[in-house]
Amino acid sequence: MRRPAAGLRRLYLRAKRTWDRPLTAYYLILGGSLLITGLGLVMVFSASQIEALRSGLSSTYFFRKQLLAAALGGVLLLAAARMPTAFQRGLAYPLLAVTVFLMCLVQIPGIGQEVNGNRNWIGLGGPFQLQPSEFGKLALVLWGADLLARKGERRLLVQWKHLLVPLVPVALLLLGLIMLGRDMGTAIILAAILLGLLWLAGAPLRLFGGMLAVGGVLGALLIGTSGNRLARFACLGATEPGPNYECWQAVHGIYALASGGWFGSGLGASVEKWGQLPEPHTDFIFAVTGEELGLTGTLSVLALFAALGYAGIRVAGRTEDPFVRYAAGGVITWITAQAVVNIGAVLGLLPIAGVPLPLFSYGGSALLPTMFAVGLLISFARREPAARRALAMRQPAVRRKLAGVRRKTMRRSAVRRPSGER
């Protein structure tokens, strides 16, 4: 019995050494986010074809728009990853001001557009639209992190008024503008970011108890005064569409997951996306993933989000820079909370909130700020002292390998040339 125990211990120690390496968080964030985005593009292509054809569009219409958004998001990711911390902090106030201005424009008739009962879009001409509330998440993370870092440097966060003001009033302003458009799903994510920032700032537990109690009362009032929201809560755990088909989307999401089995019906072979499942390429893309790729595919997606979350928490926990700690924690709170709300709704564990799966679902307005936020995490992971030293040590080795490859290529080309051309 000792040998298996010794083997398990060696395996555990090897895994621990791997997780403790300086560049682990960097590679997890970079690799995990790229894999989620790449798999999301594949699933958007598969899940959106029927929806596009039903709308009289090309079968690749939604995929091409998402591919363009991913390309632009890649540029933003690279820019954020190379951006100095001072520049990141300098973006906080302009981004917040522009976001609030755009969220106010949404409420002006003739400018704001309503989609699926929510008024939170601005038309940009042609098929392109902008959802300013998605950029509100990024604005709150950057501005809140900069604000708390500056107050922490002056040791002001031990006072309630400095802990709450102006962070909570500005967050309530954003929440109010979002709720004017009746988008409760995005408001939940924004509230989660606020609570995450306060937690990282060391707010006492009684404060969270009071805020959750107030939030619960307001949430109950908002749900009780909306028939649509009440119907969504009534569909929790439903197994039948209901007499008026009010649980149609929730039930068919479960049907899609249940019919996938272990390995799915095959990419592109979903039955539910042929009109039975509403929003197959946005809010319920996880259900189509389960139907086509099976339990293996859905667990792979969950594992990628878990790896991304772990890496972000590690970056926030190891840094000595308060801004990096607050910003990294805020980004991970945002991505994790949104993933939980989306996947929980598909599984029937939470009411349908209408939020996309981060980096995965169709929607450029959601993808662009999220990829910028991932770029911030990559930047933070690269700046860890141990990671910076490891990267500095690898650069000469990479240069030597590239120089060796060039020399070998030049020798081969010289051997292959005829003697008259030398």
# chains A, B, ... in the order shown; residues from 1 in each chain; ligands from 1

$ closest_atom_pairs --of "segment 46-155 of chain A" --to "segment 318-330 of chain A" --cutoff "8 Å" --atoms "only C-alpha atoms" --output "JSON lines"
{"residue": "A:Val141", "atom": "CA", "partner": "A:Gly330", "partner_atom": "CA", "distance": 5.5}
{"residue": "A:Leu142", "atom": "CA", "partner": "A:Ala327", "partner_atom": "CA", "distance": 6.1}
{"residue": "A:Gly144", "atom": "CA", "partner": "A:Tyr326", "partner_atom": "CA", "distance": 7.8}
{"residue": "A:Ala145", "atom": "CA", "partner": "A:Tyr326", "partner_atom": "CA", "distance": 4.9}
{"residue": "A:Asp146", "atom": "CA", "partner": "A:Phe323", "partner_atom": "CA", "distance": 5.8}
{"residue": "A:Leu148", "atom": "CA", "partner": "A:Phe323", "partner_atom": "CA", "distance": 7.6}
{"residue": "A:Ala149", "atom": "CA", "partner": "A:Phe323", "partner_atom": "CA", "distance": 5.1}
{"residue": "A:Gly152", "atom": "CA", "partner": "A:Pro322", "partner_atom": "CA", "distance": 7.7}

$ residues_around --residues "segment 230-238 of chain A" --least-positions-apart "5" --cutoff "12 Å" --atoms "only C-alpha atoms" --output "PyMOL selection string"
chain A and resi 219-225+244-255+344-354

$ write_last_selection --atoms "N, CA and C atoms" --output "mmCIF file, in the first residue's frame"
data_model
loop_
_atom_site.group_PDB
_atom_site.id
_atom_site.type_symbol
_atom_site.label_atom_id
_atom_site.label_comp_id
_atom_site.auth_asym_id
_atom_site.auth_seq_id
_atom_site.Cartn_x
_atom_site.Cartn_y
_atom_site.Cartn_z
ATOM 1 N N GLY A 219 -35.070 43.893 -5.505
ATOM 2 C CA GLY A 219 -35.239 42.872 -6.528
ATOM 3 C C GLY A 219 -36.626 42.258 -6.494
ATOM 4 N N ALA A 220 -37.137 42.004 -5.270
ATOM 5 C CA ALA A 220 -38.484 41.430 -5.156
ATOM 6 C C ALA A 220 -39.533 42.389 -5.706
ATOM 7 N N LEU A 221 -39.365 43.692 -5.445
ATOM 8 C CA LEU A 221 -40.306 44.673 -5.976
ATOM 9 C C LEU A 221 -40.258 44.724 -7.510
ATOM 10 N N LEU A 222 -39.044 44.710 -8.062
ATOM 11 C CA LEU A 222 -38.912 44.762 -9.514
ATOM 12 C C LEU A 222 -39.474 43.510 -10.169
ATOM 13 N N ILE A 223 -39.283 42.373 -9.518
ATOM 14 C CA ILE A 223 -39.822 41.123 -10.076
ATOM 15 C C ILE A 223 -41.334 41.080 -9.935
ATOM 16 N N GLY A 224 -41.820 41.501 -8.765
ATOM 17 C CA GLY A 224 -43.266 41.443 -8.534
ATOM 18 C C GLY A 224 -44.077 42.378 -9.406
ATOM 19 N N THR A 225 -43.455 43.445 -9.893
ATOM 20 C CA THR A 225 -44.178 44.396 -10.744
ATOM 21 C C THR A 225 -44.011 44.108 -12.229
ATOM 22 N N ASN A 244 -49.446 28.116 -21.685
ATOM 23 C CA ASN A 244 -49.256 29.242 -22.619
ATOM 24 C C ASN A 244 -47.817 29.312 -23.144
ATOM 25 N N TYR A 245 -47.110 28.207 -23.017
ATOM 26 C CA TYR A 245 -45.729 28.098 -23.506
ATOM 27 C C TYR A 245 -44.798 29.138 -22.855
ATOM 28 N N GLU A 246 -45.121 29.519 -21.606
ATOM 29 C CA GLU A 246 -44.291 30.527 -20.941
ATOM 30 C C GLU A 246 -42.915 29.974 -20.552
ATOM 31 N N CYS A 247 -42.791 28.661 -20.444
ATOM 32 C CA CYS A 247 -41.503 28.044 -20.087
ATOM 33 C C CYS A 247 -40.843 27.369 -21.288
ATOM 34 N N TRP A 248 -41.226 27.780 -22.470
ATOM 35 C CA TRP A 248 -40.740 27.132 -23.692
ATOM 36 C C TRP A 248 -39.213 27.158 -23.771
ATOM 37 N N GLN A 249 -38.599 28.320 -23.569
ATOM 38 C CA GLN A 249 -37.154 28.439 -23.715
ATOM 39 C C GLN A 249 -36.417 27.640 -22.648
ATOM 40 N N ALA A 250 -36.871 27.738 -21.410
ATOM 41 C CA ALA A 250 -36.203 27.025 -20.328
ATOM 42 C C ALA A 250 -36.257 25.519 -20.532
ATOM 43 N N VAL A 251 -37.425 25.018 -20.932
ATOM 44 C CA VAL A 251 -37.597 23.575 -21.101
ATOM 45 C C VAL A 251 -36.788 23.056 -22.292
ATOM 46 N N HIS A 252 -36.800 23.796 -23.388
ATOM 47 C CA HIS A 252 -36.058 23.324 -24.557
ATOM 48 C C HIS A 252 -34.549 23.447 -24.357
ATOM 49 N N GLY A 253 -34.110 24.320 -23.478
ATOM 50 C CA GLY A 253 -32.700 24.329 -23.114
ATOM 51 C C GLY A 253 -32.303 23.039 -22.410
ATOM 52 N N ILE A 254 -33.171 22.558 -21.513
ATOM 53 C CA ILE A 254 -32.926 21.279 -20.831
ATOM 54 C C ILE A 254 -32.989 20.133 -21.827
ATOM 55 N N TYR A 255 -33.959 20.186 -22.768
ATOM 56 C CA TYR A 255 -34.048 19.144 -23.791
ATOM 57 C C TYR A 255 -32.747 19.046 -24.587
ATOM 58 N N GLY A 344 -26.281 28.844 -15.218
ATOM 59 C CA GLY A 344 -27.335 28.467 -14.284
ATOM 60 C C GLY A 344 -28.720 28.562 -14.897
ATOM 61 N N ALA A 345 -28.944 29.573 -15.756
ATOM 62 C CA ALA A 345 -30.239 29.701 -16.430
ATOM 63 C C ALA A 345 -30.455 28.566 -17.423
ATOM 64 N N VAL A 346 -29.408 28.190 -18.153
ATOM 65 C CA VAL A 346 -29.532 27.087 -19.122
ATOM 66 C C VAL A 346 -29.813 25.772 -18.407
ATOM 67 N N LEU A 347 -29.196 25.563 -17.242
ATOM 68 C CA LEU A 347 -29.399 24.336 -16.479
ATOM 69 C C LEU A 347 -30.716 24.331 -15.716
ATOM 70 N N GLY A 348 -31.438 25.452 -15.709
ATOM 71 C CA GLY A 348 -32.698 25.525 -14.985
ATOM 72 C C GLY A 348 -32.537 25.771 -13.504
ATOM 73 N N LEU A 349 -31.326 26.145 -13.068
ATOM 74 C CA LEU A 349 -31.073 26.401 -11.656
ATOM 75 C C LEU A 349 -31.321 27.847 -11.274
ATOM 76 N N LEU A 350 -31.275 28.746 -12.262
ATOM 77 C CA LEU A 350 -31.509 30.175 -12.042
ATOM 78 C C LEU A 350 -32.501 30.672 -13.081
ATOM 79 N N PRO A 351 -33.231 31.757 -12.784
ATOM 80 C CA PRO A 351 -34.135 32.314 -13.800
ATOM 81 C C PRO A 351 -33.352 32.860 -14.979
ATOM 82 N N ILE A 352 -33.966 32.863 -16.145
ATOM 83 C CA ILE A 352 -33.320 33.364 -17.355
ATOM 84 C C ILE A 352 -33.138 34.868 -17.215
ATOM 85 N N ALA A 353 -31.869 35.320 -17.274
ATOM 86 C CA ALA A 353 -31.562 36.738 -17.066
ATOM 87 C C ALA A 353 -31.214 37.459 -18.352
ATOM 88 N N GLY A 354 -31.013 36.739 -19.429
ATOM 89 C CA GLY A 354 -30.724 37.382 -20.708
ATOM 90 C C GLY A 354 -29.318 37.929 -20.824
#

$ residues_around --residues "Thr37 of chain A" --least-positions-apart "6" --cutoff "12 Å" --atoms "only C-alpha atoms" --output "VMD selection string"
chain A and resid 29 to 31 43 to 44 66 to 67 69 to 71 73 to 74 301 304 to 305 357 to 364 367 to 368 370 to 371 374

$ residues_around --residues "Val271 of chain A" --least-positions-apart "6" --cutoff "9 Å" --atoms "only C-alpha atoms" --output "ChimeraX atom specification"
/A:256,288,291

$ select_by_dssp --residues "segment 91-164 of chain A" --states "alpha helix (DSSP H)" --output "ChimeraX atom specification"
/A:92-106,132-153,160-164

$ write_last_selection --atoms "N, CA and C atoms" --output "compact mmCIF listing (two decimals), in the first residue's frame"
# COMPACT_ATOMS: atom_id res chain seq x y z
N ALA A 92 -9.67 55.32 -16.71
CA ALA A 92 -10.82 55.07 -15.86
C ALA A 92 -11.88 56.17 -15.95
N TYR A 93 -11.48 57.41 -15.73
CA TYR A 93 -12.45 58.50 -15.69
C TYR A 93 -13.03 58.83 -17.08
N PRO A 94 -12.21 58.91 -18.14
CA PRO A 94 -12.81 59.14 -19.47
C PRO A 94 -13.77 58.03 -19.88
N LEU A 95 -13.41 56.77 -19.61
CA LEU A 95 -14.29 55.66 -19.98
C LEU A 95 -15.60 55.72 -19.21
N LEU A 96 -15.53 56.05 -17.92
CA LEU A 96 -16.76 56.15 -17.12
C LEU A 96 -17.64 57.29 -17.64
N ALA A 97 -17.05 58.43 -17.96
CA ALA A 97 -17.83 59.58 -18.44
C ALA A 97 -18.49 59.26 -19.77
N VAL A 98 -17.75 58.67 -20.69
CA VAL A 98 -18.31 58.33 -22.01
C VAL A 98 -19.41 57.29 -21.88
N THR A 99 -19.20 56.31 -21.00
CA THR A 99 -20.21 55.26 -20.82
C THR A 99 -21.51 55.83 -20.25
N VAL A 100 -21.40 56.68 -19.24
CA VAL A 100 -22.61 57.29 -18.66
C VAL A 100 -23.33 58.14 -19.71
N PHE A 101 -22.57 58.88 -20.50
CA PHE A 101 -23.17 59.69 -21.56
C PHE A 101 -23.92 58.82 -22.57
N LEU A 102 -23.32 57.72 -23.00
CA LEU A 102 -23.97 56.83 -23.96
C LEU A 102 -25.19 56.14 -23.35
N MET A 103 -25.11 55.79 -22.07
CA MET A 103 -26.26 55.16 -21.40
C MET A 103 -27.41 56.14 -21.25
N CYS A 104 -27.09 57.43 -21.14
CA CYS A 104 -28.16 58.44 -21.14
C CYS A 104 -28.77 58.59 -22.53
N LEU A 105 -27.93 58.51 -23.57
CA LEU A 105 -28.45 58.60 -24.94
C LEU A 105 -29.42 57.48 -25.25
N VAL A 106 -29.20 56.32 -24.65
CA VAL A 106 -30.08 55.17 -24.89
C VAL A 106 -31.53 55.51 -24.54
N PRO A 132 -24.19 50.15 -24.60
CA PRO A 132 -23.27 50.84 -23.68
C PRO A 132 -23.16 50.20 -22.31
N SER A 133 -24.22 49.52 -21.86
CA SER A 133 -24.18 48.92 -20.52
C SER A 133 -23.09 47.86 -20.40
N GLU A 134 -22.71 47.22 -21.52
CA GLU A 134 -21.63 46.24 -21.47
C GLU A 134 -20.30 46.92 -21.16
N PHE A 135 -20.11 48.12 -21.68
CA PHE A 135 -18.90 48.87 -21.37
C PHE A 135 -18.96 49.47 -19.97
N GLY A 136 -20.19 49.56 -19.40
CA GLY A 136 -20.33 50.02 -18.02
C GLY A 136 -19.64 49.09 -17.03
N LYS A 137 -19.60 47.78 -17.34
CA LYS A 137 -18.92 46.82 -16.46
C LYS A 137 -17.43 47.13 -16.41
N LEU A 138 -16.83 47.32 -17.58
CA LEU A 138 -15.41 47.64 -17.65
C LEU A 138 -15.12 48.98 -16.98
N ALA A 139 -15.99 49.96 -17.22
CA ALA A 139 -15.79 51.28 -16.63
C ALA A 139 -15.84 51.21 -15.10
N LEU A 140 -16.78 50.46 -14.54
CA LEU A 140 -16.88 50.35 -13.08
C LEU A 140 -15.65 49.66 -12.51
N VAL A 141 -15.15 48.61 -13.20
CA VAL A 141 -13.97 47.90 -12.71
C VAL A 141 -12.76 48.83 -12.67
N LEU A 142 -12.47 49.52 -13.79
CA LEU A 142 -11.28 50.38 -13.85
C LEU A 142 -11.39 51.58 -12.90
N TRP A 143 -12.56 52.25 -12.95
CA TRP A 143 -12.73 53.44 -12.11
C TRP A 143 -12.75 53.06 -10.63
N GLY A 144 -13.47 51.99 -10.29
CA GLY A 144 -13.53 51.56 -8.90
C GLY A 144 -12.18 51.13 -8.38
N ALA A 145 -11.39 50.41 -9.21
CA ALA A 145 -10.07 49.97 -8.79
C ALA A 145 -9.14 51.17 -8.55
N ASP A 146 -9.18 52.15 -9.46
CA ASP A 146 -8.34 53.33 -9.30
C ASP A 146 -8.75 54.12 -8.06
N LEU A 147 -10.06 54.28 -7.85
CA LEU A 147 -10.56 55.04 -6.69
C LEU A 147 -10.14 54.38 -5.38
N LEU A 148 -10.37 53.07 -5.27
CA LEU A 148 -10.04 52.37 -4.03
C LEU A 148 -8.53 52.32 -3.79
N ALA A 149 -7.75 52.20 -4.88
CA ALA A 149 -6.30 52.18 -4.72
C ALA A 149 -5.79 53.52 -4.18
N ARG A 150 -6.30 54.63 -4.71
CA ARG A 150 -5.86 55.94 -4.24
C ARG A 150 -6.28 56.18 -2.79
N LYS A 151 -7.47 55.74 -2.44
CA LYS A 151 -7.91 55.92 -1.05
C LYS A 151 -7.15 55.00 -0.10
N GLY A 152 -6.81 53.79 -0.61
CA GLY A 152 -6.03 52.88 0.22
C GLY A 152 -4.64 53.39 0.50
N GLU A 153 -4.03 54.06 -0.47
CA GLU A 153 -2.70 54.63 -0.28
C GLU A 153 -2.71 55.71 0.80
N TRP A 160 -16.07 54.54 6.88
CA TRP A 160 -17.23 54.12 6.09
C TRP A 160 -17.50 55.07 4.93
N LYS A 161 -17.44 56.37 5.20
CA LYS A 161 -17.80 57.32 4.15
C LYS A 161 -16.84 57.24 2.97
N HIS A 162 -15.57 56.99 3.24
CA HIS A 162 -14.60 56.89 2.15
C HIS A 162 -14.71 55.53 1.45
N LEU A 163 -15.13 54.51 2.19
CA LEU A 163 -15.31 53.20 1.58
C LEU A 163 -16.50 53.18 0.62
N LEU A 164 -17.56 53.89 0.97
CA LEU A 164 -18.80 53.82 0.19
C LEU A 164 -18.96 54.97 -0.81
